[in-house]
$ cat data_12.pdb   # PDB, N, CA and C atoms
MODEL        1
ATOM      1  N   MET T   1     -50.956 -23.088 -43.773
ATOM      2  CA  MET T   1     -51.170 -22.257 -44.933
ATOM      3  C   MET T   1     -49.892 -22.223 -45.776
ATOM      4  N   SER T   2     -50.062 -22.357 -47.071
ATOM      5  CA  SER T   2     -48.929 -22.384 -47.982
ATOM      6  C   SER T   2     -48.280 -21.011 -48.098
ATOM      7  N   GLU T   3     -46.988 -21.012 -48.088
ATOM      8  CA  GLU T   3     -46.240 -19.772 -48.293
ATOM      9  C   GLU T   3     -45.658 -19.709 -49.695
ATOM     10  N   GLU T   4     -46.141 -20.579 -50.574
ATOM     11  CA  GLU T   4     -45.706 -20.571 -51.968
ATOM     12  C   GLU T   4     -46.269 -19.344 -52.675
ATOM     13  N   PRO T   5     -45.528 -18.798 -53.637
ATOM     14  CA  PRO T   5     -46.088 -17.698 -54.431
ATOM     15  C   PRO T   5     -47.376 -18.141 -55.120
ATOM     16  N   PHE T   6     -48.253 -17.200 -55.346
ATOM     17  CA  PHE T   6     -49.554 -17.458 -55.956
ATOM     18  C   PHE T   6     -49.722 -16.470 -57.110
ATOM     19  N   PHE T   7     -50.245 -16.926 -58.215
ATOM     20  CA  PHE T   7     -50.314 -16.108 -59.422
ATOM     21  C   PHE T   7     -51.744 -15.987 -59.931
ATOM     22  N   ARG T   8     -52.090 -14.799 -60.374
ATOM     23  CA  ARG T   8     -53.359 -14.558 -61.052
ATOM     24  C   ARG T   8     -53.009 -14.098 -62.470
ATOM     25  N   ILE T   9     -53.482 -14.845 -63.460
ATOM     26  CA  ILE T   9     -53.242 -14.510 -64.853
ATOM     27  C   ILE T   9     -54.589 -14.458 -65.552
ATOM     28  N   ASP T  10     -54.904 -13.293 -66.078
ATOM     29  CA  ASP T  10     -56.165 -13.092 -66.789
ATOM     30  C   ASP T  10     -55.849 -12.699 -68.221
ATOM     31  N   LYS T  11     -56.599 -13.282 -69.148
ATOM     32  CA  LYS T  11     -56.400 -13.017 -70.570
ATOM     33  C   LYS T  11     -57.692 -12.456 -71.142
ATOM     34  N   PHE T  12     -57.558 -11.460 -72.016
ATOM     35  CA  PHE T  12     -58.726 -10.787 -72.565
ATOM     36  C   PHE T  12     -58.589 -10.614 -74.071
ATOM     37  N   SER T  13     -59.671 -10.863 -74.761
ATOM     38  CA  SER T  13     -59.787 -10.534 -76.176
ATOM     39  C   SER T  13     -60.634  -9.259 -76.229
ATOM     40  N   VAL T  14     -59.968  -8.148 -76.560
ATOM     41  CA  VAL T  14     -60.605  -6.835 -76.482
ATOM     42  C   VAL T  14     -60.735  -6.250 -77.889
ATOM     43  N   PRO T  15     -61.965  -5.988 -78.328
ATOM     44  CA  PRO T  15     -62.141  -5.339 -79.635
ATOM     45  C   PRO T  15     -61.453  -3.969 -79.656
ATOM     46  N   ALA T  16     -60.914  -3.589 -80.801
ATOM     47  CA  ALA T  16     -60.178  -2.328 -80.922
ATOM     48  C   ALA T  16     -61.008  -1.129 -80.453
ATOM     49  N   ALA T  17     -62.284  -1.104 -80.790
ATOM     50  CA  ALA T  17     -63.131   0.027 -80.408
ATOM     51  C   ALA T  17     -63.320   0.129 -78.887
ATOM     52  N   SER T  18     -63.182  -0.980 -78.184
ATOM     53  CA  SER T  18     -63.388  -1.008 -76.731
ATOM     54  C   SER T  18     -62.098  -0.815 -75.946
ATOM     55  N   ARG T  19     -60.969  -0.858 -76.630
ATOM     56  CA  ARG T  19     -59.675  -0.829 -75.961
ATOM     57  C   ARG T  19     -59.503   0.354 -75.006
ATOM     58  N   PRO T  20     -59.766   1.606 -75.427
ATOM     59  CA  PRO T  20     -59.517   2.726 -74.499
ATOM     60  C   PRO T  20     -60.288   2.617 -73.184
ATOM     61  N   ARG T  21     -61.568   2.331 -73.248
ATOM     62  CA  ARG T  21     -62.371   2.207 -72.011
ATOM     63  C   ARG T  21     -61.906   1.036 -71.159
ATOM     64  N   PHE T  22     -61.625  -0.080 -71.815
ATOM     65  CA  PHE T  22     -61.204  -1.270 -71.082
ATOM     66  C   PHE T  22     -59.862  -1.030 -70.380
ATOM     67  N   ILE T  23     -58.902  -0.471 -71.098
ATOM     68  CA  ILE T  23     -57.572  -0.234 -70.523
ATOM     69  C   ILE T  23     -57.647   0.762 -69.369
ATOM     70  N   GLU T  24     -58.467   1.791 -69.501
ATOM     71  CA  GLU T  24     -58.602   2.776 -68.425
ATOM     72  C   GLU T  24     -59.099   2.104 -67.146
ATOM     73  N   ARG T  25     -60.106   1.254 -67.256
ATOM     74  CA  ARG T  25     -60.648   0.548 -66.090
ATOM     75  C   ARG T  25     -59.632  -0.458 -65.552
ATOM     76  N   LEU T  26     -58.966  -1.152 -66.443
ATOM     77  CA  LEU T  26     -57.972  -2.150 -66.044
ATOM     78  C   LEU T  26     -56.829  -1.496 -65.272
ATOM     79  N   ARG T  27     -56.375  -0.344 -65.740
ATOM     80  CA  ARG T  27     -55.300   0.370 -65.026
ATOM     81  C   ARG T  27     -55.740   0.776 -63.612
ATOM     82  N   ARG T  28     -56.956   1.256 -63.493
ATOM     83  CA  ARG T  28     -57.468   1.619 -62.155
ATOM     84  C   ARG T  28     -57.461   0.411 -61.223
ATOM     85  N   THR T  29     -57.950  -0.705 -61.741
ATOM     86  CA  THR T  29     -57.994  -1.928 -60.943
ATOM     87  C   THR T  29     -56.592  -2.369 -60.540
ATOM     88  N   HIS T  30     -55.668  -2.358 -61.487
ATOM     89  CA  HIS T  30     -54.321  -2.832 -61.188
ATOM     90  C   HIS T  30     -53.516  -1.853 -60.353
ATOM     91  N   ASP T  31     -53.836  -0.572 -60.420
ATOM     92  CA  ASP T  31     -53.200   0.386 -59.502
ATOM     93  C   ASP T  31     -53.565   0.024 -58.062
ATOM     94  N   ALA T  32     -54.834  -0.306 -57.827
ATOM     95  CA  ALA T  32     -55.271  -0.695 -56.480
ATOM     96  C   ALA T  32     -54.624  -2.008 -56.058
ATOM     97  N   LEU T  33     -54.554  -2.977 -56.970
ATOM     98  CA  LEU T  33     -53.922  -4.256 -56.636
ATOM     99  C   LEU T  33     -52.451  -4.067 -56.289
ATOM    100  N   GLY T  34     -51.786  -3.192 -57.020
ATOM    101  CA  GLY T  34     -50.363  -2.955 -56.780
ATOM    102  C   GLY T  34     -50.068  -2.391 -55.398
ATOM    103  N   GLU T  35     -51.062  -1.761 -54.789
ATOM    104  CA  GLU T  35     -50.903  -1.205 -53.446
ATOM    105  C   GLU T  35     -51.220  -2.219 -52.347
ATOM    106  N   ALA T  36     -51.780  -3.350 -52.726
ATOM    107  CA  ALA T  36     -52.204  -4.352 -51.739
ATOM    108  C   ALA T  36     -51.007  -5.075 -51.121
ATOM    109  N   THR T  37     -51.164  -5.453 -49.874
ATOM    110  CA  THR T  37     -50.131  -6.214 -49.167
ATOM    111  C   THR T  37     -49.862  -7.522 -49.891
ATOM    112  N   GLY T  38     -48.603  -7.800 -50.143
ATOM    113  CA  GLY T  38     -48.213  -9.077 -50.736
ATOM    114  C   GLY T  38     -48.175  -9.099 -52.247
ATOM    115  N   CYS T  39     -48.511  -7.982 -52.897
ATOM    116  CA  CYS T  39     -48.409  -7.920 -54.358
ATOM    117  C   CYS T  39     -46.938  -7.721 -54.706
ATOM    118  N   GLU T  40     -46.337  -8.727 -55.327
ATOM    119  CA  GLU T  40     -44.909  -8.678 -55.618
ATOM    120  C   GLU T  40     -44.603  -8.275 -57.063
ATOM    121  N   GLN T  41     -45.528  -8.532 -57.947
ATOM    122  CA  GLN T  41     -45.348  -8.162 -59.352
ATOM    123  C   GLN T  41     -46.731  -7.966 -59.960
ATOM    124  N   ASN T  42     -46.897  -6.932 -60.763
ATOM    125  CA  ASN T  42     -48.214  -6.575 -61.282
ATOM    126  C   ASN T  42     -48.013  -5.985 -62.671
ATOM    127  N   MET T  43     -48.422  -6.718 -63.695
ATOM    128  CA  MET T  43     -48.189  -6.258 -65.058
ATOM    129  C   MET T  43     -49.456  -6.358 -65.903
ATOM    130  N   ILE T  44     -49.604  -5.391 -66.802
ATOM    131  CA  ILE T  44     -50.613  -5.445 -67.851
ATOM    132  C   ILE T  44     -49.829  -5.531 -69.153
ATOM    133  N   LEU T  45     -50.080  -6.585 -69.906
ATOM    134  CA  LEU T  45     -49.329  -6.836 -71.141
ATOM    135  C   LEU T  45     -50.261  -6.762 -72.338
ATOM    136  N   GLU T  46     -49.730  -6.254 -73.450
ATOM    137  CA  GLU T  46     -50.504  -6.214 -74.686
ATOM    138  C   GLU T  46     -49.727  -6.955 -75.766
ATOM    139  N   GLN T  47     -50.395  -7.855 -76.443
ATOM    140  CA  GLN T  47     -49.747  -8.615 -77.510
ATOM    141  C   GLN T  47     -49.429  -7.683 -78.675
ATOM    142  N   ILE T  48     -48.182  -7.723 -79.140
ATOM    143  CA  ILE T  48     -47.785  -6.883 -80.269
ATOM    144  C   ILE T  48     -47.435  -7.713 -81.502
ATOM    145  N   GLU T  49     -47.248  -9.005 -81.301
ATOM    146  CA  GLU T  49     -46.969  -9.922 -82.404
ATOM    147  C   GLU T  49     -47.508 -11.286 -82.038
ATOM    148  N   GLY T  50     -47.791 -12.088 -83.039
ATOM    149  CA  GLY T  50     -48.218 -13.462 -82.792
ATOM    150  C   GLY T  50     -49.659 -13.686 -83.203
ATOM    151  N   THR T  51     -50.077 -14.916 -83.036
ATOM    152  CA  THR T  51     -51.395 -15.325 -83.519
ATOM    153  C   THR T  51     -52.367 -15.638 -82.392
ATOM    154  N   GLY T  52     -52.018 -15.305 -81.174
ATOM    155  CA  GLY T  52     -52.868 -15.635 -80.036
ATOM    156  C   GLY T  52     -54.226 -14.964 -80.098
ATOM    157  N   ARG T  53     -55.175 -15.581 -79.449
ATOM    158  CA  ARG T  53     -56.549 -15.075 -79.401
ATOM    159  C   ARG T  53     -56.683 -13.869 -78.473
ATOM    160  N   PHE T  54     -55.898 -13.833 -77.415
ATOM    161  CA  PHE T  54     -56.037 -12.798 -76.402
ATOM    162  C   PHE T  54     -55.010 -11.693 -76.635
ATOM    163  N   ASN T  55     -55.472 -10.439 -76.683
ATOM    164  CA  ASN T  55     -54.553  -9.338 -76.956
ATOM    165  C   ASN T  55     -54.130  -8.563 -75.705
ATOM    166  N   ILE T  56     -54.810  -8.782 -74.583
ATOM    167  CA  ILE T  56     -54.427  -8.163 -73.313
ATOM    168  C   ILE T  56     -54.317  -9.280 -72.265
ATOM    169  N   VAL T  57     -53.213  -9.271 -71.526
ATOM    170  CA  VAL T  57     -52.996 -10.260 -70.468
ATOM    171  C   VAL T  57     -52.534  -9.518 -69.220
ATOM    172  N   THR T  58     -53.076  -9.911 -68.073
ATOM    173  CA  THR T  58     -52.585  -9.364 -66.810
ATOM    174  C   THR T  58     -51.922 -10.480 -66.019
ATOM    175  N   PHE T  59     -50.871 -10.107 -65.316
ATOM    176  CA  PHE T  59     -50.088 -11.057 -64.533
ATOM    177  C   PHE T  59     -49.817 -10.425 -63.178
ATOM    178  N   VAL T  60     -50.265 -11.085 -62.124
ATOM    179  CA  VAL T  60     -50.002 -10.590 -60.769
ATOM    180  C   VAL T  60     -49.425 -11.737 -59.944
ATOM    181  N   ARG T  61     -48.260 -11.472 -59.370
ATOM    182  CA  ARG T  61     -47.625 -12.449 -58.480
ATOM    183  C   ARG T  61     -47.859 -11.977 -57.046
ATOM    184  N   TRP T  62     -48.441 -12.875 -56.266
ATOM    185  CA  TRP T  62     -48.705 -12.603 -54.851
ATOM    186  C   TRP T  62     -47.732 -13.379 -53.993
ATOM    187  N   ARG T  63     -47.402 -12.827 -52.840
ATOM    188  CA  ARG T  63     -46.488 -13.504 -51.904
ATOM    189  C   ARG T  63     -47.014 -14.901 -51.570
ATOM    190  N   ASN T  64     -48.347 -15.005 -51.382
ATOM    191  CA  ASN T  64     -48.969 -16.291 -51.072
ATOM    192  C   ASN T  64     -50.478 -16.191 -51.317
ATOM    193  N   ARG T  65     -51.168 -17.279 -51.164
ATOM    194  CA  ARG T  65     -52.605 -17.321 -51.410
ATOM    195  C   ARG T  65     -53.372 -16.388 -50.467
ATOM    196  N   ALA T  66     -52.938 -16.298 -49.230
ATOM    197  CA  ALA T  66     -53.635 -15.451 -48.259
ATOM    198  C   ALA T  66     -53.617 -13.984 -48.697
ATOM    199  N   CYS T  67     -52.501 -13.515 -49.228
ATOM    200  CA  CYS T  67     -52.426 -12.130 -49.710
ATOM    201  C   CYS T  67     -53.381 -11.926 -50.878
ATOM    202  N   TYR T  68     -53.424 -12.884 -51.795
ATOM    203  CA  TYR T  68     -54.362 -12.810 -52.921
ATOM    204  C   TYR T  68     -55.803 -12.763 -52.422
ATOM    205  N   ASP T  69     -56.143 -13.661 -51.506
ATOM    206  CA  ASP T  69     -57.515 -13.723 -50.999
ATOM    207  C   ASP T  69     -57.932 -12.404 -50.354
ATOM    208  N   GLU T  70     -57.024 -11.801 -49.602
ATOM    209  CA  GLU T  70     -57.312 -10.525 -48.944
ATOM    210  C   GLU T  70     -57.544  -9.426 -49.984
ATOM    211  N   ALA T  71     -56.687  -9.361 -50.982
ATOM    212  CA  ALA T  71     -56.833  -8.340 -52.029
ATOM    213  C   ALA T  71     -58.088  -8.576 -52.858
ATOM    214  N   SER T  72     -58.396  -9.823 -53.129
ATOM    215  CA  SER T  72     -59.598 -10.161 -53.895
ATOM    216  C   SER T  72     -60.856  -9.736 -53.147
ATOM    217  N   SER T  73     -60.889  -9.986 -51.857
ATOM    218  CA  SER T  73     -62.033  -9.576 -51.038
ATOM    219  C   SER T  73     -62.184  -8.059 -51.035
ATOM    220  N   ALA T  74     -61.069  -7.349 -50.915
ATOM    221  CA  ALA T  74     -61.113  -5.884 -50.920
ATOM    222  C   ALA T  74     -61.609  -5.363 -52.269
ATOM    223  N   ALA T  75     -61.180  -5.992 -53.356
ATOM    224  CA  ALA T  75     -61.620  -5.577 -54.697
ATOM    225  C   ALA T  75     -63.117  -5.807 -54.867
ATOM    226  N   LYS T  76     -63.607  -6.940 -54.411
ATOM    227  CA  LYS T  76     -65.042  -7.227 -54.510
ATOM    228  C   LYS T  76     -65.854  -6.239 -53.683
ATOM    229  N   GLU T  77     -65.342  -5.863 -52.537
ATOM    230  CA  GLU T  77     -66.031  -4.879 -51.693
ATOM    231  C   GLU T  77     -66.065  -3.514 -52.377
ATOM    232  N   ARG T  78     -64.948  -3.107 -53.008
ATOM    233  CA  ARG T  78     -64.908  -1.847 -53.760
ATOM    234  C   ARG T  78     -65.931  -1.865 -54.893
ATOM    235  N   GLN T  79     -65.994  -2.982 -55.603
ATOM    236  CA  GLN T  79     -66.944  -3.102 -56.706
ATOM    237  C   GLN T  79     -68.381  -2.989 -56.204
ATOM    238  N   LYS T  80     -68.664  -3.642 -55.098
ATOM    239  CA  LYS T  80     -70.008  -3.590 -54.518
ATOM    240  C   LYS T  80     -70.347  -2.162 -54.090
ATOM    241  N   ARG T  81     -69.401  -1.511 -53.430
ATOM    242  CA  ARG T  81     -69.609  -0.150 -52.934
ATOM    243  C   ARG T  81     -69.832   0.846 -54.074
ATOM    244  N   THR T  82     -69.133   0.651 -55.192
ATOM    245  CA  THR T  82     -69.242   1.589 -56.318
ATOM    246  C   THR T  82     -70.279   1.157 -57.352
ATOM    247  N   GLY T  83     -70.845  -0.041 -57.191
ATOM    248  CA  GLY T  83     -71.842  -0.523 -58.139
ATOM    249  C   GLY T  83     -71.256  -1.002 -59.450
ATOM    250  N   PHE T  84     -69.976  -1.318 -59.454
ATOM    251  CA  PHE T  84     -69.324  -1.791 -60.681
ATOM    252  C   PHE T  84     -69.448  -3.302 -60.787
ATOM    253  N   ASN T  85     -69.959  -3.771 -61.922
ATOM    254  CA  ASN T  85     -70.077  -5.200 -62.190
ATOM    255  C   ASN T  85     -69.146  -5.530 -63.354
ATOM    256  N   PRO T  86     -68.020  -6.206 -63.086
ATOM    257  CA  PRO T  86     -67.046  -6.476 -64.142
ATOM    258  C   PRO T  86     -67.623  -7.257 -65.331
ATOM    259  N   GLN T  87     -68.481  -8.225 -65.065
ATOM    260  CA  GLN T  87     -69.010  -9.027 -66.164
ATOM    261  C   GLN T  87     -69.920  -8.205 -67.064
ATOM    262  N   VAL T  88     -70.756  -7.368 -66.486
ATOM    263  CA  VAL T  88     -71.620  -6.491 -67.280
ATOM    264  C   VAL T  88     -70.757  -5.537 -68.112
ATOM    265  N   PHE T  89     -69.731  -4.977 -67.504
ATOM    266  CA  PHE T  89     -68.814  -4.070 -68.200
ATOM    267  C   PHE T  89     -68.174  -4.769 -69.397
ATOM    268  N   MET T  90     -67.655  -5.966 -69.194
ATOM    269  CA  MET T  90     -67.009  -6.688 -70.286
ATOM    270  C   MET T  90     -68.013  -7.086 -71.370
ATOM    271  N   ASP T  91     -69.200  -7.471 -70.969
ATOM    272  CA  ASP T  91     -70.238  -7.796 -71.955
ATOM    273  C   ASP T  91     -70.570  -6.576 -72.814
ATOM    274  N   GLU T  92     -70.703  -5.414 -72.182
ATOM    275  CA  GLU T  92     -71.001  -4.183 -72.916
ATOM    276  C   GLU T  92     -69.920  -3.862 -73.943
ATOM    277  N   LEU T  93     -68.679  -4.159 -73.596
ATOM    278  CA  LEU T  93     -67.551  -3.848 -74.481
ATOM    279  C   LEU T  93     -67.247  -4.968 -75.471
ATOM    280  N   GLY T  94     -67.881  -6.113 -75.323
ATOM    281  CA  GLY T  94     -67.599  -7.240 -76.207
ATOM    282  C   GLY T  94     -66.288  -7.931 -75.894
ATOM    283  N   VAL T  95     -65.868  -7.855 -74.648
ATOM    284  CA  VAL T  95     -64.607  -8.462 -74.214
ATOM    285  C   VAL T  95     -64.849  -9.913 -73.814
ATOM    286  N   VAL T  96     -63.981 -10.798 -74.298
ATOM    287  CA  VAL T  96     -64.014 -12.209 -73.917
ATOM    288  C   VAL T  96     -62.833 -12.438 -72.986
ATOM    289  N   SER T  97     -63.067 -13.153 -71.888
ATOM    290  CA  SER T  97     -61.990 -13.342 -70.912
ATOM    291  C   SER T  97     -61.737 -14.808 -70.598
ATOM    292  N   ASP T  98     -60.529 -15.052 -70.129
ATOM    293  CA  ASP T  98     -60.103 -16.350 -69.601
ATOM    294  C   ASP T  98     -59.342 -16.009 -68.328
ATOM    295  N   LEU T  99     -59.966 -16.235 -67.173
ATOM    296  CA  LEU T  99     -59.422 -15.811 -65.893
ATOM    297  C   LEU T  99     -58.959 -17.022 -65.104
ATOM    298  N   GLY T 100     -57.797 -16.919 -64.452
ATOM    299  CA  GLY T 100     -57.357 -18.088 -63.705
ATOM    300  C   GLY T 100     -56.315 -17.808 -62.645
ATOM    301  N   ASN T 101     -56.278 -18.699 -61.670
ATOM    302  CA  ASN T 101     -55.282 -18.709 -60.614
ATOM    303  C   ASN T 101     -54.284 -19.809 -60.917
ATOM    304  N   TYR T 102     -53.006 -19.532 -60.635
ATOM    305  CA  TYR T 102     -51.939 -20.466 -60.997
ATOM    306  C   TYR T 102     -50.950 -20.628 -59.852
ATOM    307  N   ALA T 103     -50.291 -21.777 -59.834
ATOM    308  CA  ALA T 103     -49.196 -22.055 -58.917
ATOM    309  C   ALA T 103     -48.023 -22.548 -59.751
ATOM    310  N   CYS T 104     -46.841 -22.444 -59.210
ATOM    311  CA  CYS T 104     -45.656 -22.932 -59.917
ATOM    312  C   CYS T 104     -45.719 -24.448 -60.054
ATOM    313  N   LEU T 105     -45.370 -24.924 -61.215
ATOM    314  CA  LEU T 105     -45.286 -26.365 -61.442
ATOM    315  C   LEU T 105     -43.870 -26.784 -61.077
ATOM    316  N   ASN T 106     -43.749 -27.509 -59.981
ATOM    317  CA  ASN T 106     -42.436 -27.957 -59.529
ATOM    318  C   ASN T 106     -42.004 -29.167 -60.315
ATOM    319  N   GLU T 107     -40.698 -29.425 -60.349
ATOM    320  CA  GLU T 107     -40.180 -30.564 -61.105
ATOM    321  C   GLU T 107     -40.744 -31.884 -60.637
ATOM    322  N   ASP T 108     -41.078 -32.004 -59.351
ATOM    323  CA  ASP T 108     -41.597 -33.266 -58.817
ATOM    324  C   ASP T 108     -43.110 -33.359 -58.951
ATOM    325  N   SER T 109     -43.756 -32.363 -59.555
ATOM    326  CA  SER T 109     -45.224 -32.396 -59.720
ATOM    327  C   SER T 109     -45.618 -33.203 -60.924
TER     328      SER T 109
ENDMDL
END
$ encode --input "data_12.pdb" --output "structure tokens"
Amino acid sequence: MSEEPFFRIDKFSVPAASRPRFIERLRRTHDALGEATGCEQNMILEQIEGTGRFNIVTFVRWRNRACYDEASSAAKERQKRTGFNPQVFMDELGVVSDLGNYACLNEDS
């Protein structure tokens, strides 16, 4: 199993009218992620300048893939238990997302 850091970076285009509800839910989610084993860095960023399409970006650095997988499973279980469907929520708010997992690009890659 790789012990390389593992990154989750999600980008969101959030309409202004949906921002308060979206941010409130996002903070709850990231508060839980921040408590998970192996979460080394956890940020919610908002674009304040520039021409990018996405105005909200989240960045989470995990100690390794195994820590991410464990936290992801726990989050999915919480969602199932509470009846929360992230895609339905984002559709209701008109949020467009670009979600992805990342690894460091080494010089020899």
$ select_by_dssp --input "data_12.pdb" --residues "chain T" --states "strand (DSSP E or B)" --output "ChimeraX atom specification"
/T:6-13,39-46,56-62,96-102
$ resolve_selection --input "data_12.pdb" --expression "the PyMOL selection byres ((chain T and resi 13) around 8)" --output "PyMOL selection string"
chain T and resi 10-12+14-16+53-57+93-98
$ atom_distance --input "data_12.pdb" --atom1 "atom CA of Glu3 of chain T" --atom2 "atom CA of Ala36 of chain T"
16.9 Å
$ atom_distance --input "data_12.pdb" --atom1 "atom N of Glu35 of chain T" --atom2 "atom N of Met90 of chain T"
22.4 Å
$ closest_residue --input "data_12.pdb" --among "T:Leu105, T:Val60, T:Ala66, T:Ile23" --to "Glu46 of chain T" --atoms "only C-alpha atoms"
T:Ile23
$ closest_atom_pairs --input "data_12.pdb" --of "segment 15-108 of chain T" --to "segment 5-9 of chain T" --cutoff "8 Å" --atoms "all atoms listed in the file" --output "JSON lines"
{"residue": "T:Val57", "atom": "C", "partner": "T:Ile9", "partner_atom": "C", "distance": 6.5}
{"residue": "T:Thr58", "atom": "C", "partner": "T:Ile9", "partner_atom": "CA", "distance": 4.4}
{"residue": "T:Phe59", "atom": "CA", "partner": "T:Ile9", "partner_atom": "CA", "distance": 4.7}
{"residue": "T:Val60", "atom": "C", "partner": "T:Arg8", "partner_atom": "N", "distance": 4.1}
{"residue": "T:Arg61", "atom": "CA", "partner": "T:Phe7", "partner_atom": "CA", "distance": 4.6}
{"residue": "T:Trp62", "atom": "N", "partner": "T:Phe6", "partner_atom": "C", "distance": 3.9}
{"residue": "T:Arg63", "atom": "C", "partner": "T:Pro5", "partner_atom": "CA", "distance": 4.1}
{"residue": "T:Asn64", "atom": "CA", "partner": "T:Phe6", "partner_atom": "N", "distance": 4.4}
{"residue": "T:Arg65", "atom": "N", "partner": "T:Phe6", "partner_atom": "CA", "distance": 5.1}
{"residue": "T:Ala66", "atom": "N", "partner": "T:Phe6", "partner_atom": "CA", "distance": 7.6}
{"residue": "T:Tyr68", "atom": "CA", "partner": "T:Phe6", "partner_atom": "C", "distance": 7.2}
{"residue": "T:Asp98", "atom": "C", "partner": "T:Ile9", "partner_atom": "C", "distance": 5.7}
{"residue": "T:Leu99", "atom": "CA", "partner": "T:Ile9", "partner_atom": "C", "distance": 5.0}
{"residue": "T:Gly100", "atom": "C", "partner": "T:Ile9", "partner_atom": "N", "distance": 4.2}
{"residue": "T:Asn101", "atom": "CA", "partner": "T:Phe7", "partner_atom": "C", "distance": 4.5}
{"residue": "T:Tyr102", "atom": "N", "partner": "T:Phe7", "partner_atom": "C", "distance": 3.8}
{"residue": "T:Ala103", "atom": "N", "partner": "T:Phe7", "partner_atom": "N", "distance": 5.1}
{"residue": "T:Cys104", "atom": "N", "partner": "T:Pro5", "partner_atom": "C", "distance": 6.0}
$ write_last_selection --input "data_12.pdb" --atoms "N, CA and C atoms" --output "compact mmCIF listing (two decimals), in the coordinates of the input"
# COMPACT_ATOMS: atom_id res chain seq x y z
N VAL T 57 -53.21 -9.27 -71.53
CA VAL T 57 -53.00 -10.26 -70.47
C VAL T 57 -52.53 -9.52 -69.22
N THR T 58 -53.08 -9.91 -68.07
CA THR T 58 -52.58 -9.36 -66.81
C THR T 58 -51.92 -10.48 -66.02
N PHE T 59 -50.87 -10.11 -65.32
CA PHE T 59 -50.09 -11.06 -64.53
C PHE T 59 -49.82 -10.42 -63.18
N VAL T 60 -50.26 -11.08 -62.12
CA VAL T 60 -50.00 -10.59 -60.77
C VAL T 60 -49.42 -11.74 -59.94
N ARG T 61 -48.26 -11.47 -59.37
CA ARG T 61 -47.62 -12.45 -58.48
C ARG T 61 -47.86 -11.98 -57.05
N TRP T 62 -48.44 -12.88 -56.27
CA TRP T 62 -48.70 -12.60 -54.85
C TRP T 62 -47.73 -13.38 -53.99
N ARG T 63 -47.40 -12.83 -52.84
CA ARG T 63 -46.49 -13.50 -51.90
C ARG T 63 -47.01 -14.90 -51.57
N ASN T 64 -48.35 -15.00 -51.38
CA ASN T 64 -48.97 -16.29 -51.07
C ASN T 64 -50.48 -16.19 -51.32
N ARG T 65 -51.17 -17.28 -51.16
CA ARG T 65 -52.60 -17.32 -51.41
C ARG T 65 -53.37 -16.39 -50.47
N ALA T 66 -52.94 -16.30 -49.23
CA ALA T 66 -53.64 -15.45 -48.26
C ALA T 66 -53.62 -13.98 -48.70
N TYR T 68 -53.42 -12.88 -51.80
CA TYR T 68 -54.36 -12.81 -52.92
C TYR T 68 -55.80 -12.76 -52.42
N ASP T 98 -60.53 -15.05 -70.13
CA ASP T 98 -60.10 -16.35 -69.60
C ASP T 98 -59.34 -16.01 -68.33
N LEU T 99 -59.97 -16.24 -67.17
CA LEU T 99 -59.42 -15.81 -65.89
C LEU T 99 -58.96 -17.02 -65.10
N GLY T 100 -57.80 -16.92 -64.45
CA GLY T 100 -57.36 -18.09 -63.70
C GLY T 100 -56.32 -17.81 -62.64
N ASN T 101 -56.28 -18.70 -61.67
CA ASN T 101 -55.28 -18.71 -60.61
C ASN T 101 -54.28 -19.81 -60.92
N TYR T 102 -53.01 -19.53 -60.64
CA TYR T 102 -51.94 -20.47 -61.00
C TYR T 102 -50.95 -20.63 -59.85
N ALA T 103 -50.29 -21.78 -59.83
CA ALA T 103 -49.20 -22.06 -58.92
C ALA T 103 -48.02 -22.55 -59.75
N CYS T 104 -46.84 -22.44 -59.21
CA CYS T 104 -45.66 -22.93 -59.92
C CYS T 104 -45.72 -24.45 -60.05
$ select_by_dssp --input "data_12.pdb" --residues "segment 11-94 of chain T" --states "alpha helix (DSSP H)" --output "PyMOL selection string"
chain T and resi 19-35+65-82+86-93
$ atom_distance --input "data_12.pdb" --atom1 "atom CA of Glu24 of chain T" --atom2 "atom CA of Thr37 of chain T"
22.9 Å
$ resolve_selection --input "data_12.pdb" --expression "the PyMOL selection byres (((chain T and resi 75 and name CA) around 12) and name CA)" --output "NGL selection string"
:T and (28-36 or 68-74 or 76-86)
